[in-house]
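One structure is given below, encoded as structure tokens.
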Amino acid sequence: MSAVYSAISAVLLFWHALWERVLSSPDWPWVLGIVFLVLTIRLFLLPLAVRQVKSQRALQALQPRIRELGNDPAAVADLYRSEKVNPFAGFLPLLIQFPVFIGLLHVLRHIRPGSTTATLYGWTQTQFDSAAHAELLGAPIAATFSHHLGAPGLTVQLVTAALIAVMIVTTYLSTRQAVQGDGLIQRLMLYGVPASLLVSGAIFPIGVIVYWVTQNLFGLAQQAWIRRRYPVPGEPPRGPGDDKARSQGATG
């Protein structure tokens with residue numbers, strides 16, 4: 001994973017250097033560096049996400065025919081072959097994305113004052129010290145809800161609490177887009193995953209929460225775009241005004 005950590009660090013340092021030329025603040029280039037790091041990685045992985053969705057849509061389109069075949073694995077395999085559908089193709093993008101997102105989390109958690117591994121992954125000591133002491137609205141991005149790193153405790157707690165609230169809401173919305181069905185497992189995912197962030201959010205550094213919120217917002221936009229570009233079989237394609245029209249129809 002060292003190569004992944006080094007690559008992610010290089011992207012973060014690139015965006016920080018770019019924003020540092022534009023902004024005079026020593027803090028915002030790091031915050032925007034985190035935001036644009038996430039955007040860069042997600043745009044890089046977008047073709048994999050599209051491939052995953054195409055595979056899912058192809059499998060969904062075949063479900064009526066698969067049900068007609070009953071419990072005949074050979075016939076189902078022949079159907080997959082004839083339609084050129086790989087039932088496992090949707091898992092490959094997930095396998096590739098997982099180490100990337102773990103790497104993102106690791107690098108951001110790595111940035112903390114006093115670290116003995118400051119110069120790992122291509123960082124200089126100066127770059128690391130600057131990032132470790134960068135602040136968002138007066139709260140160090142390396143601080144957590146309970147570890148204020150010398151900053152005013154109330155400031156850190158207010159900034160962290162606000163970001164945690166946004167993280168929970170956007171996680172709920174993202175999960176609602178992804179989860180299908182209304183069973184017990186789906187409900188546990190829909191409400192359990194956001195609720196768990198009340199605990200984990202309190203121990204996450206602020207920089208990690210910024211990463212998570214950016215990730216969620218990009219995910220929401222990506223899902224909306226994918227649903228319009230690649231609608232579920234049997235569902236009419238959505239236009240830009242469809243959601244507004246539906247909400248007006250519901251209130252009317």
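We label chains A, B, ... in the order they appear in the structure tokens, count residues from 1 in each chain, and number ligands from 1 in the order shown.
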Inset, instruction - Write out as a list in words which residues come within 9 Å of segment 214-224 of chain A when counting only C-alpha atoms, dropping same-chain ones fewer than 2 positions away. - result: Ile34, Val35, Phe36, Val38, Leu39, Arg42, Leu46, Met167, Thr170, Thr171, Leu173, Ser174, Gln177, Ala178, Ile209, Val210, Tyr211, Trp212, Ile226, Arg227, Arg228 and Arg229 of chain A
Inset, instruction - Extract the full set of helix (DSSP H, G or I) residues from segment 58-206 of chain A according to DSSP on the backbone, and format it as a PyMOL selection string. - result: chain A and resi 58-69+73-83+91-110+120-122+125-132+153-178+184-203+206
Legend entry - Distance of atom CA of Leu95 of chain A from atom CA of Leu45 of chain A, expressed in Å to one decimal place: 11.7 Å
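For the pair atom CA of Trp123 of chain A and atom CA of Glu135 of chain A, the interatomic distance is 18.9 Å.
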